[in-house]
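Raw contents of entry28.txt, compact mmCIF, C-alpha atoms:
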```
# COMPACT_ATOMS: atom_id res chain seq x y z
CA MET A 1 22.24 12.54 -24.41
CA THR A 2 22.87 9.18 -22.75
CA GLU A 3 26.29 7.54 -22.76
CA GLN A 4 25.07 4.61 -24.90
CA ARG A 5 23.54 6.90 -27.51
CA LYS A 6 26.82 8.88 -27.62
CA ASP A 7 28.77 5.62 -28.14
CA ILE A 8 26.53 4.69 -31.09
CA LEU A 9 27.02 8.11 -32.68
CA ASP A 10 30.79 7.89 -32.10
CA MET A 11 30.86 4.51 -33.85
CA LEU A 12 28.88 6.01 -36.73
CA ALA A 13 31.29 8.96 -36.94
CA ALA A 14 34.27 6.61 -36.89
CA GLY A 15 32.73 4.62 -39.73
CA LYS A 16 32.54 1.43 -37.68
CA ILE A 17 28.78 1.10 -38.33
CA THR A 18 26.48 2.31 -41.09
CA ALA A 19 23.71 4.90 -40.62
CA GLU A 20 21.09 2.11 -40.82
CA GLU A 21 22.82 0.10 -38.11
CA ALA A 22 23.07 3.21 -35.94
CA GLU A 23 19.36 3.84 -36.40
CA GLN A 24 18.55 0.25 -35.43
CA LEU A 25 20.75 0.45 -32.35
CA ILE A 26 19.19 3.75 -31.23
CA ALA A 27 15.70 2.35 -31.76
CA ALA A 28 16.60 -0.71 -29.67
CA LEU A 29 18.04 1.58 -27.01
CA GLU A 30 14.82 3.61 -26.86
CA ARG A 31 12.75 0.42 -26.58
CA ASP A 32 14.84 -0.65 -23.61
CA GLN A 33 14.67 2.76 -21.95
CA ALA A 34 10.88 3.16 -22.25
CA PRO A 35 9.95 0.28 -19.88
CA ALA A 36 12.69 1.35 -17.48
CA ALA A 37 11.28 4.88 -17.35
CA ALA A 38 7.78 3.48 -16.86
CA GLY A 39 9.03 1.32 -14.00
CA HIS A 40 10.64 4.33 -12.33
CA ASP A 41 7.36 6.27 -12.35
CA ALA A 42 4.85 3.46 -12.66
CA ARG A 43 1.83 5.61 -11.79
CA PRO A 44 0.16 6.90 -14.92
CA LYS A 45 -0.17 10.65 -14.56
CA GLY A 46 -3.73 11.85 -14.22
CA LYS A 47 -5.07 8.35 -13.61
CA VAL A 48 -4.68 8.19 -9.85
CA LYS A 49 -7.92 7.55 -8.00
CA TYR A 50 -7.00 6.82 -4.41
CA LEU A 51 -4.97 8.29 -1.60
CA ARG A 52 -3.24 5.50 0.29
CA VAL A 53 -1.85 5.67 3.81
CA VAL A 54 0.12 2.60 4.92
CA VAL A 55 1.63 2.40 8.38
CA ASP A 56 3.70 -0.59 9.51
CA ALA A 57 4.75 -0.43 13.11
CA THR A 58 5.75 -2.54 16.04
CA ASP A 59 3.82 -1.78 19.20
CA ASN A 60 4.97 -3.53 22.40
CA GLY A 61 6.54 -6.27 20.31
CA GLU A 62 3.34 -6.83 18.33
CA PRO A 63 3.26 -5.90 14.67
CA SER A 64 0.54 -3.46 13.73
CA ARG A 65 -0.53 -2.29 10.32
CA VAL A 66 -2.85 0.46 9.15
CA ASN A 67 -3.85 0.41 5.52
CA VAL A 68 -6.25 3.17 4.47
CA ARG A 69 -7.46 3.83 0.94
CA VAL A 70 -9.51 6.98 0.38
CA PRO A 71 -10.92 7.94 -3.03
CA LEU A 72 -9.60 11.32 -4.15
CA GLN A 73 -13.17 12.10 -5.20
CA LEU A 74 -14.11 11.84 -1.51
CA LEU A 75 -11.46 14.43 -0.64
CA ARG A 76 -12.84 16.77 -3.30
CA ALA A 77 -16.38 16.26 -1.96
CA GLY A 78 -15.10 16.92 1.55
CA VAL A 79 -13.54 20.18 0.41
CA ARG A 80 -16.87 21.29 -1.05
CA LEU A 81 -18.61 20.31 2.18
CA ALA A 82 -16.03 22.19 4.25
CA ALA A 83 -16.66 25.29 2.13
CA LEU A 84 -20.17 25.42 3.62
CA VAL A 85 -18.92 25.89 7.18
CA PRO A 86 -20.24 29.29 8.34
CA PRO A 87 -17.66 32.01 9.15
CA GLN A 88 -18.67 32.19 12.83
CA ALA A 89 -17.86 28.47 13.19
CA LEU A 90 -14.48 29.05 11.53
CA VAL A 91 -13.72 31.81 14.04
CA LYS A 92 -14.48 29.44 16.93
CA ALA A 93 -12.40 26.70 15.29
CA ASN A 94 -9.51 29.18 14.88
CA ALA A 95 -9.70 30.05 18.60
CA SER A 96 -9.68 26.35 19.56
CA LEU A 97 -6.79 25.60 17.22
CA SER A 98 -4.86 28.56 18.60
CA ASP A 99 -5.48 27.38 22.17
CA SER A 100 -4.15 23.96 21.16
CA GLY A 101 -0.95 25.50 19.82
CA VAL A 102 -1.91 25.30 16.13
CA PRO A 103 -2.17 28.92 14.99
CA ILE A 104 -3.93 28.38 11.66
CA ASP A 105 -6.40 30.89 10.29
CA LEU A 106 -9.01 28.73 8.59
CA THR A 107 -10.81 31.78 7.20
CA GLN A 108 -7.77 32.36 4.95
CA LEU A 109 -8.04 28.85 3.52
CA LYS A 110 -10.06 29.15 0.32
CA PRO A 111 -11.91 26.19 -1.24
CA GLU A 112 -10.09 26.79 -4.53
CA GLN A 113 -6.74 26.41 -2.77
CA LEU A 114 -7.85 23.15 -1.15
CA GLU A 115 -9.11 21.85 -4.49
CA ALA A 116 -5.77 22.74 -6.08
CA LEU A 117 -4.06 20.87 -3.26
CA VAL A 118 -6.18 17.76 -3.88
CA GLU A 119 -5.57 18.04 -7.64
CA HIS A 120 -1.81 17.89 -7.10
CA LEU A 121 -1.88 15.13 -4.50
CA ASP A 122 -1.12 12.55 -7.20
CA GLU A 123 2.44 13.86 -7.33
CA VAL A 124 2.92 13.51 -3.59
CA THR A 125 4.73 10.60 -2.02
CA VAL A 126 5.67 10.77 1.63
CA GLU A 127 7.79 8.04 3.18
CA VAL A 128 8.85 8.07 6.81
CA ASP A 129 11.17 5.37 8.07
CA SER A 130 11.98 4.96 11.73
CA PRO A 131 13.26 1.91 13.64
CA ASP A 132 9.77 1.19 14.99
CA ALA A 133 7.54 2.29 12.15
CA THR A 134 7.27 2.92 8.47
CA VAL A 135 4.73 5.36 7.07
CA ARG A 136 3.93 5.72 3.38
CA VAL A 137 1.47 8.21 1.93
CA PHE A 138 0.97 8.07 -1.81
CA CYS A 139 -1.63 8.05 -4.56
CA GLU A 140 -2.46 5.17 -6.87
CA MET B 1 -23.57 5.56 -4.55
CA PRO B 2 -22.23 2.81 -2.25
CA GLN B 3 -23.69 -0.63 -2.93
CA LEU B 4 -22.13 -2.79 -0.26
CA VAL B 5 -20.34 -2.14 3.01
CA THR B 6 -18.18 -4.96 4.31
CA VAL B 7 -17.13 -5.08 7.95
CA LYS B 8 -14.76 -7.79 9.18
CA VAL B 9 -13.50 -8.09 12.72
CA ASP B 10 -10.98 -10.76 13.76
CA ARG B 11 -10.23 -11.07 17.46
CA PRO B 12 -8.06 -13.64 19.23
CA ASP B 13 -10.00 -16.45 20.92
CA ARG B 14 -13.33 -15.17 19.60
CA ARG B 15 -15.44 -15.91 16.58
CA PRO B 16 -14.64 -13.63 13.69
CA ILE B 17 -17.38 -11.18 12.70
CA ARG B 18 -18.25 -10.80 9.03
CA VAL B 19 -21.01 -8.35 8.08
CA TRP B 20 -22.04 -7.44 4.55
CA VAL B 21 -24.47 -4.52 4.47
CA PRO B 22 -26.33 -3.94 1.19
CA VAL B 23 -26.76 -0.17 1.32
CA LEU B 24 -29.80 0.31 -0.91
CA PRO B 25 -32.10 -2.26 0.79
CA VAL B 26 -31.05 -1.03 4.22
CA ALA B 27 -31.67 2.59 3.16
CA LEU B 28 -35.13 1.60 1.91
CA VAL B 29 -35.94 -0.12 5.21
CA LEU B 30 -34.69 2.91 7.12
CA PHE B 31 -36.39 5.34 4.74
CA PRO B 32 -38.40 7.12 7.51
CA VAL B 33 -35.19 7.68 9.46
CA VAL B 34 -33.44 8.96 6.32
CA VAL B 35 -36.28 11.44 5.74
CA LEU B 36 -36.02 12.66 9.34
CA VAL B 37 -32.23 13.09 8.99
CA VAL B 38 -32.67 15.10 5.77
CA LEU B 39 -35.32 17.29 7.42
CA ALA B 40 -33.03 17.88 10.40
CA ALA B 41 -30.23 18.81 7.99
CA ILE B 42 -32.50 21.29 6.20
CA VAL B 43 -33.50 22.90 9.51
CA ALA B 44 -29.83 23.11 10.55
CA CYS B 45 -28.99 24.77 7.21
CA LEU B 46 -31.75 27.33 7.71
CA VAL B 47 -30.67 28.04 11.29
CA PHE B 48 -27.01 28.53 10.32
CA ARG B 49 -27.90 30.37 7.08
CA ILE B 50 -26.31 27.84 4.75
CA GLY B 51 -27.66 27.26 1.24
CA VAL B 52 -29.89 24.18 1.56
CA VAL B 53 -29.41 23.05 -2.04
CA ARG B 54 -25.63 23.52 -1.85
CA ALA B 55 -25.44 21.65 1.45
CA LEU B 56 -27.58 18.73 0.25
CA GLY B 57 -25.58 18.61 -2.99
CA ALA B 58 -22.30 18.55 -1.09
CA GLY B 59 -23.61 15.81 1.23
CA TRP B 60 -24.73 13.74 -1.75
CA ARG B 61 -21.29 14.19 -3.35
CA VAL B 62 -19.65 12.84 -0.21
CA ILE B 63 -21.96 9.79 -0.18
CA SER B 64 -21.43 9.22 -3.91
CA ALA B 65 -17.65 9.38 -3.50
CA LEU B 66 -17.53 6.73 -0.78
CA PRO B 67 -17.21 3.61 -3.01
CA GLY B 68 -13.61 2.44 -3.04
CA ALA B 69 -12.86 3.61 0.49
CA ARG B 70 -11.13 0.97 2.58
CA PHE B 71 -9.90 1.04 6.17
CA ASP B 72 -7.81 -1.92 7.27
CA ILE B 73 -6.30 -1.93 10.76
CA GLU B 74 -4.34 -4.81 12.28
CA GLN B 75 -2.87 -4.94 15.76
CA GLY B 76 -1.25 -8.24 16.63
CA ARG B 77 -3.96 -10.88 16.12
CA THR B 78 -6.78 -8.33 16.07
CA ALA B 79 -7.88 -6.97 12.73
CA VAL B 80 -10.68 -4.68 11.61
CA LEU B 81 -11.61 -4.09 8.01
CA VAL B 82 -14.24 -1.69 6.68
CA ALA B 83 -14.59 -1.61 2.91
CA ILE B 84 -17.15 0.30 0.89
CA ARG B 85 -18.00 -0.77 -2.64
```

Please rewrite the model in this file as structure tokens.
Amino acid sequence: MTEQRKDILDMLAAGKITAEEAEQLIAALERDQAPAAAGHDARPKGKVKYLRVVVDATDNGEPSRVNVRVPLQLLRAGVRLAALVPPQALVKANASLSDSGVPIDLTQLKPEQLEALVEHLDEVTVEVDSPDATVRVFCE
Amino acid sequence: MPQLVTVKVDRPDRRPIRVWVPVLPVALVLFPVVVLVVLAAIVACLVFRIGVVRALGAGWRVISALPGARFDIEQGRTAVLVAIR
């Protein structure tokens, strides 16, 4: 219960306002809170279509900016395409990744898991701030 | 399916480049090349024992999902934009 709602109910209990007035005040409070909540999480859930990567940096005194927008549908299609990679190619890729210091077993990565990852990307927001660069990864 | 690919390149002290590529007409003009690419893909699928129909379907999904993609890179006074609609 919010502080304002509690105040209204206290006033009602103390007899300072009538039940109708309390109802009107609570309704007005809810109207005010709805846009505020929408502003806090402005992205409508389930409606996101794009993965955005925005990088603002300063390189040798020159400002640089990378702004990439990728449709989530493209990520899903890519996952399906990646599922066609033959196992022998995955074994070679594993060996190369291991040699490069990235010990990831790609054969353990199932297409369903990747699809689930893409499905939940809309809830992901990554922000990295450093003195020279700002990186934002989000969905819209 | 993508309809239009826009490429813009701005470089200091040079004329900016603006290219609008209508995908369908260009694909029709390059139809023989497209057929060769598809045939090569089918052969590759057979060699690597990948389902041809699944592979072509997945490739088509990737092409169909391209509209809306946008890559915008700026470095100082140089800028490159690739947008697919």

Residues of chain A within 6 Å of chain B, only C-alpha atoms counted, as a count of residues only: 14

re atom CA of Pro111 of chain A and atom CA of Leu90 of chain A: distance 13.3 Å

Selection near segment 130-137 of chain A, 7 Å with all atoms listed in the file, sequence-local residues under 2 positions removed, as a PyMOL selection string: chain A and resi 52-58+125-128

Please provide as a list in words all residues within 12 Å of segment 8-15 of chain A, with the sequence filter that same-chain residues fewer than 3 positions apart are discarded (counting only C-alpha atoms). Met1, Thr2, Glu3, Gln4, Arg5, Thr18, Ala19, Glu20, Glu21, Ala22, Glu23, Gln24, Leu25, Ile26, Ala27, Ala28 and Leu29 of chain A

Could you model all heavy atoms for segment 72-83 of chain A and present them as a compact mmCIF listing (two decimals), in the coordinates of the input?
```txt
# COMPACT_ATOMS: atom_id res chain seq x y z
N LEU A 72 -9.88 9.88 -4.03
CA LEU A 72 -9.60 11.32 -4.15
C LEU A 72 -10.90 12.11 -4.35
O LEU A 72 -11.01 13.26 -3.94
CB LEU A 72 -8.64 11.59 -5.31
CG LEU A 72 -7.19 11.18 -5.08
CD1 LEU A 72 -6.36 11.43 -6.33
CD2 LEU A 72 -6.59 11.91 -3.90
N GLN A 73 -11.87 11.45 -4.99
CA GLN A 73 -13.17 12.10 -5.20
C GLN A 73 -13.81 12.44 -3.84
O GLN A 73 -14.49 13.46 -3.72
CB GLN A 73 -14.07 11.14 -5.98
CG GLN A 73 -15.18 11.80 -6.75
CD GLN A 73 -14.67 12.76 -7.81
OE1 GLN A 73 -13.64 12.54 -8.40
NE2 GLN A 73 -15.39 13.84 -8.03
N LEU A 74 -13.57 11.59 -2.85
CA LEU A 74 -14.11 11.84 -1.51
C LEU A 74 -13.45 13.07 -0.90
O LEU A 74 -14.11 13.88 -0.23
CB LEU A 74 -13.89 10.61 -0.63
CG LEU A 74 -14.51 10.65 0.77
CD1 LEU A 74 -16.02 10.81 0.69
CD2 LEU A 74 -14.15 9.40 1.55
N LEU A 75 -12.15 13.24 -1.14
CA LEU A 75 -11.46 14.43 -0.64
C LEU A 75 -12.03 15.68 -1.28
O LEU A 75 -12.26 16.70 -0.61
CB LEU A 75 -9.95 14.33 -0.92
CG LEU A 75 -9.18 13.22 -0.23
CD1 LEU A 75 -7.70 13.35 -0.53
CD2 LEU A 75 -9.39 13.24 1.27
N ARG A 76 -12.28 15.60 -2.60
CA ARG A 76 -12.84 16.77 -3.30
C ARG A 76 -14.23 17.10 -2.75
O ARG A 76 -14.57 18.26 -2.52
CB ARG A 76 -12.94 16.49 -4.80
CG ARG A 76 -11.60 16.39 -5.47
CD ARG A 76 -11.73 16.35 -6.98
NE ARG A 76 -10.42 16.08 -7.56
CZ ARG A 76 -10.01 14.88 -7.97
NH1 ARG A 76 -10.84 13.85 -7.91
NH2 ARG A 76 -8.81 14.70 -8.47
N ALA A 77 -15.03 16.04 -2.51
CA ALA A 77 -16.38 16.26 -1.96
C ALA A 77 -16.28 16.85 -0.56
O ALA A 77 -17.07 17.72 -0.19
CB ALA A 77 -17.14 14.94 -1.94
N GLY A 78 -15.30 16.39 0.20
CA GLY A 78 -15.10 16.92 1.55
C GLY A 78 -14.73 18.39 1.53
O GLY A 78 -15.18 19.16 2.38
N VAL A 79 -13.93 18.76 0.54
CA VAL A 79 -13.54 20.18 0.41
C VAL A 79 -14.77 21.03 0.14
O VAL A 79 -14.95 22.11 0.72
CB VAL A 79 -12.50 20.33 -0.72
CG1 VAL A 79 -12.31 21.79 -1.09
CG2 VAL A 79 -11.17 19.74 -0.30
N ARG A 80 -15.65 20.54 -0.75
CA ARG A 80 -16.87 21.29 -1.05
C ARG A 80 -17.77 21.40 0.18
O ARG A 80 -18.40 22.42 0.42
CB ARG A 80 -17.64 20.61 -2.18
CG ARG A 80 -17.01 20.83 -3.53
CD ARG A 80 -17.70 20.02 -4.59
NE ARG A 80 -16.98 20.08 -5.85
CZ ARG A 80 -17.23 20.97 -6.80
NH1 ARG A 80 -18.18 21.84 -6.62
NH2 ARG A 80 -16.54 20.97 -7.90
N LEU A 81 -17.80 20.30 0.96
CA LEU A 81 -18.61 20.31 2.18
C LEU A 81 -18.02 21.29 3.20
O LEU A 81 -18.75 22.04 3.86
CB LEU A 81 -18.68 18.89 2.76
CG LEU A 81 -19.76 18.62 3.79
CD1 LEU A 81 -21.14 18.78 3.17
CD2 LEU A 81 -19.62 17.22 4.35
N ALA A 82 -16.70 21.29 3.30
CA ALA A 82 -16.03 22.19 4.25
C ALA A 82 -16.24 23.65 3.88
O ALA A 82 -16.23 24.53 4.75
CB ALA A 82 -14.54 21.87 4.31
N ALA A 83 -16.44 23.90 2.58
CA ALA A 83 -16.66 25.29 2.13
C ALA A 83 -17.97 25.85 2.66
O ALA A 83 -18.17 27.06 2.64
CB ALA A 83 -16.64 25.34 0.61
```
